[in-house]
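Heads up: the structure comes next, in structure tokens.
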Amino acid sequence: MKTLAFPLMVIFCSVPMIAHASSPAEQIQETIQEIMTIVNSPAAGTEIKKQQALRDTVMPRFDWSEMAKQALGRHWDSVPARQDEFIAAFAEFLGKTYIGKIGSYKNEKIIFVDEVVKNSIAEVKTKVIPANGEATSVNYQLRQVAGEWKIYDVVVEDISLVTNYRSQFNRILSRGNFDDLLRQLRQKEVAQGN
């Protein structure tokens, strides 16, 4: 299964967390600041401690159940008894992938372009500007869950992360079954953890 390496790196380099932030853009900005502090701090300790600190910061920012539901698409309703199992495997897979990419963040600037809020849905538009090269648009799709804004999709240069995974999962499920999909997610997860 192919993954989108660049979007994952950008997501983690641009996601922050603070309980007092009220707007989606504020929550994204604060999470980014927290991530950058961890990534750039020599006091963060060993690589394992840094990875755990990043995990503690990043994982709560995402609405994993909504992301998993959308990524599974039309197959979601066909596995009601296994939805929680899929959410857990999907979150572990994506979380480890994202966190693994954060370490490659070097000298990028993140500019917040716009925030659009409609009821409990929002989009935060950003540009990631590398030290050398062209800017990349990274737009966060969020929804309000229990008073917090949670990311349920990331769109990099008009390519949706969730749509990309939905296509990959559809291909896997067209050739195999749900157990095959879970096995591939877990194998990727194990490979990334080593």
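In the structure tokens, chains take the letters A, B, ... in the order shown, each chain's residues start at 1, and ligands count up from 1 in the order shown.
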Residue contacts of Glu123 in chain A (12 Å, only C-alpha atoms) excluding same-chain residues fewer than 2 positions away, as a PyMOL selection string: chain A and resi 23-25+28+112-121+125-126+138-144+149-155
Now that the selection is made, can you save its residues with N, CA and C atoms as a PDB file, in the first residue's frame?
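Below is the file again.pdb, written as the result:
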ATOM      1  N   SER A  23     -10.856  29.034  18.129  1.00  0.00           N
ATOM      2  CA  SER A  23     -11.092  28.872  16.700  1.00  0.00           C
ATOM      3  C   SER A  23     -10.279  27.701  16.157  1.00  0.00           C
ATOM      4  N   PRO A  24     -10.724  27.144  15.020  1.00  0.00           N
ATOM      5  CA  PRO A  24      -9.948  26.054  14.412  1.00  0.00           C
ATOM      6  C   PRO A  24      -8.516  26.479  14.092  1.00  0.00           C
ATOM      7  N   ALA A  25      -8.339  27.681  13.535  1.00  0.00           N
ATOM      8  CA  ALA A  25      -6.989  28.146  13.186  1.00  0.00           C
ATOM      9  C   ALA A  25      -6.113  28.273  14.428  1.00  0.00           C
ATOM     10  N   ILE A  28      -5.001  24.785  15.446  1.00  0.00           N
ATOM     11  CA  ILE A  28      -3.969  24.285  14.530  1.00  0.00           C
ATOM     12  C   ILE A  28      -2.634  24.987  14.819  1.00  0.00           C
ATOM     13  N   PHE A 112      -0.704  30.971   7.734  1.00  0.00           N
ATOM     14  CA  PHE A 112      -2.136  30.736   7.818  1.00  0.00           C
ATOM     15  C   PHE A 112      -2.841  31.721   6.901  1.00  0.00           C
ATOM     16  N   VAL A 113      -3.512  31.179   5.890  1.00  0.00           N
ATOM     17  CA  VAL A 113      -4.097  31.980   4.822  1.00  0.00           C
ATOM     18  C   VAL A 113      -5.535  32.372   5.117  1.00  0.00           C
ATOM     19  N   ASP A 114      -6.332  31.409   5.588  1.00  0.00           N
ATOM     20  CA  ASP A 114      -7.756  31.676   5.752  1.00  0.00           C
ATOM     21  C   ASP A 114      -8.370  30.643   6.681  1.00  0.00           C
ATOM     22  N   GLU A 115      -9.483  31.008   7.262  1.00  0.00           N
ATOM     23  CA  GLU A 115     -10.281  30.108   8.082  1.00  0.00           C
ATOM     24  C   GLU A 115     -11.731  30.304   7.678  1.00  0.00           C
ATOM     25  N   VAL A 116     -12.410  29.221   7.353  1.00  0.00           N
ATOM     26  CA  VAL A 116     -13.824  29.275   7.000  1.00  0.00           C
ATOM     27  C   VAL A 116     -14.560  28.355   7.967  1.00  0.00           C
ATOM     28  N   VAL A 117     -15.527  28.910   8.685  1.00  0.00           N
ATOM     29  CA  VAL A 117     -16.296  28.126   9.652  1.00  0.00           C
ATOM     30  C   VAL A 117     -17.763  28.203   9.277  1.00  0.00           C
ATOM     31  N   LYS A 118     -18.392  27.035   9.144  1.00  0.00           N
ATOM     32  CA  LYS A 118     -19.837  26.943   8.909  1.00  0.00           C
ATOM     33  C   LYS A 118     -20.402  25.977   9.933  1.00  0.00           C
ATOM     34  N   ASN A 119     -21.072  26.537  10.931  1.00  0.00           N
ATOM     35  CA  ASN A 119     -21.640  25.739  12.017  1.00  0.00           C
ATOM     36  C   ASN A 119     -20.549  24.923  12.692  1.00  0.00           C
ATOM     37  N   SER A 120     -20.609  23.596  12.591  1.00  0.00           N
ATOM     38  CA  SER A 120     -19.620  22.766  13.293  1.00  0.00           C
ATOM     39  C   SER A 120     -18.556  22.188  12.351  1.00  0.00           C
ATOM     40  N   ILE A 121     -18.447  22.749  11.140  1.00  0.00           N
ATOM     41  CA  ILE A 121     -17.450  22.318  10.160  1.00  0.00           C
ATOM     42  C   ILE A 121     -16.550  23.511   9.835  1.00  0.00           C
ATOM     43  N   LYS A 125      -6.914  27.053   5.947  1.00  0.00           N
ATOM     44  CA  LYS A 125      -6.037  27.017   4.774  1.00  0.00           C
ATOM     45  C   LYS A 125      -4.665  27.551   5.162  1.00  0.00           C
ATOM     46  N   THR A 126      -3.639  26.777   4.812  1.00  0.00           N
ATOM     47  CA  THR A 126      -2.272  27.188   5.105  1.00  0.00           C
ATOM     48  C   THR A 126      -1.405  27.017   3.860  1.00  0.00           C
ATOM     49  N   VAL A 138      -1.785  23.485   2.100  1.00  0.00           N
ATOM     50  CA  VAL A 138      -2.217  22.416   2.987  1.00  0.00           C
ATOM     51  C   VAL A 138      -3.454  22.935   3.712  1.00  0.00           C
ATOM     52  N   ASN A 139      -4.589  22.303   3.421  1.00  0.00           N
ATOM     53  CA  ASN A 139      -5.853  22.742   4.010  1.00  0.00           C
ATOM     54  C   ASN A 139      -6.383  21.661   4.944  1.00  0.00           C
ATOM     55  N   TYR A 140      -6.739  22.081   6.141  1.00  0.00           N
ATOM     56  CA  TYR A 140      -7.243  21.169   7.160  1.00  0.00           C
ATOM     57  C   TYR A 140      -8.758  21.250   7.201  1.00  0.00           C
ATOM     58  N   GLN A 141      -9.409  20.097   7.132  1.00  0.00           N
ATOM     59  CA  GLN A 141     -10.843  19.996   7.285  1.00  0.00           C
ATOM     60  C   GLN A 141     -11.091  19.569   8.731  1.00  0.00           C
ATOM     61  N   LEU A 142     -11.895  20.348   9.440  1.00  0.00           N
ATOM     62  CA  LEU A 142     -12.137  20.065  10.848  1.00  0.00           C
ATOM     63  C   LEU A 142     -13.628  20.035  11.146  1.00  0.00           C
ATOM     64  N   ARG A 143     -13.962  19.371  12.237  1.00  0.00           N
ATOM     65  CA  ARG A 143     -15.331  19.420  12.738  1.00  0.00           C
ATOM     66  C   ARG A 143     -15.273  19.524  14.248  1.00  0.00           C
ATOM     67  N   GLN A 144     -16.322  20.101  14.796  1.00  0.00           N
ATOM     68  CA  GLN A 144     -16.342  20.304  16.234  1.00  0.00           C
ATOM     69  C   GLN A 144     -16.840  19.031  16.905  1.00  0.00           C
ATOM     70  N   TRP A 149     -12.041  21.444  18.074  1.00  0.00           N
ATOM     71  CA  TRP A 149     -11.959  21.269  16.635  1.00  0.00           C
ATOM     72  C   TRP A 149     -11.003  20.131  16.346  1.00  0.00           C
ATOM     73  N   LYS A 150     -11.506  19.103  15.659  1.00  0.00           N
ATOM     74  CA  LYS A 150     -10.713  17.916  15.343  1.00  0.00           C
ATOM     75  C   LYS A 150     -10.554  17.804  13.826  1.00  0.00           C
ATOM     76  N   ILE A 151      -9.363  17.423  13.400  1.00  0.00           N
ATOM     77  CA  ILE A 151      -9.072  17.256  11.975  1.00  0.00           C
ATOM     78  C   ILE A 151      -9.652  15.928  11.502  1.00  0.00           C
ATOM     79  N   TYR A 152     -10.412  15.982  10.405  1.00  0.00           N
ATOM     80  CA  TYR A 152     -10.919  14.741   9.825  1.00  0.00           C
ATOM     81  C   TYR A 152     -10.422  14.530   8.398  1.00  0.00           C
ATOM     82  N   ASP A 153      -9.725  15.505   7.835  1.00  0.00           N
ATOM     83  CA  ASP A 153      -9.093  15.328   6.536  1.00  0.00           C
ATOM     84  C   ASP A 153      -8.071  16.439   6.341  1.00  0.00           C
ATOM     85  N   VAL A 154      -7.080  16.150   5.510  1.00  0.00           N
ATOM     86  CA  VAL A 154      -6.065  17.124   5.143  1.00  0.00           C
ATOM     87  C   VAL A 154      -5.963  17.089   3.627  1.00  0.00           C
ATOM     88  N   VAL A 155      -6.008  18.260   3.010  1.00  0.00           N
ATOM     89  CA  VAL A 155      -5.951  18.358   1.557  1.00  0.00           C
ATOM     90  C   VAL A 155      -4.655  19.083   1.185  1.00  0.00           C
TER      91      VAL A 155
END
Alpha helix (DSSP H) residues, from DSSP on the backbone, in range 59-156 of chain A, as a ChimeraX atom specification: /A:64-72,83-102
Give me the range 50-121 of chain A side of the contact with range 163-168 of chain A, cut-off 12 Å, one line per residue showing its nearest atom pair and distance in Å at one decimal, counting only C-alpha atoms, sorted by chain and residue number, as a tab-separated table.
residue	atom	partner	partner_atom	distance
A:Met67	CA	A:Tyr165	CA	9.8
A:Ala68	CA	A:Arg166	CA	9.2
A:Lys69	CA	A:Arg166	CA	9.5
A:Gln70	CA	A:Arg166	CA	7.3
A:Ala71	CA	A:Arg166	CA	4.4
A:Leu72	CA	A:Arg166	CA	5.6
A:Gly73	CA	A:Arg166	CA	6.3
A:Arg74	CA	A:Arg166	CA	9.2
A:His75	CA	A:Arg166	CA	9.6
A:Trp76	CA	A:Arg166	CA	10.8
A:Phe90	CA	A:Tyr165	CA	10.2
A:Phe93	CA	A:Tyr165	CA	11.7
A:Leu94	CA	A:Tyr165	CA	10.3
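Excluding Lys109 in chain A itself and same-chain residues fewer than 6 positions from it, the residues having an atom within 7 Å of it are Val128, Ile129 and Pro130 of chain A, counting only C-alpha atoms.
Reported to one decimal place, the separation of CA of Thr57 in chain A from CA of Val39 in chain A is 11.5 Å.
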Within 10 Å of Ile38 in chain A using only C-alpha atoms, minus same-chain residues under 6 positions, as a ChimeraX atom specification: /A:32,44-45,49-51,53-54,57,103
Contacts of Arg183 in chain A within 12 Å, only C-alpha atoms, excl. fewer than 4 positions in-chain, as a list in words: Met1, Glu85, Phe86, Ala89, Phe90, Phe93, Phe169, Ile172, Leu173, Gly176, Asn177, Phe178, Asp179, Gln187, Lys188, Glu189 and Val190 of chain A
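Taking CA of Gly100 in chain A and CA of Ile87 in chain A as the two end points, the separation is 19.5 Å.
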Backbone-only DSSP, strand (DSSP E or B) members of range 14-175 of chain A, as a VMD selection string: chain A and resid 62 109 to 118 121 to 129 136 to 145 148 to 156 159 to 160
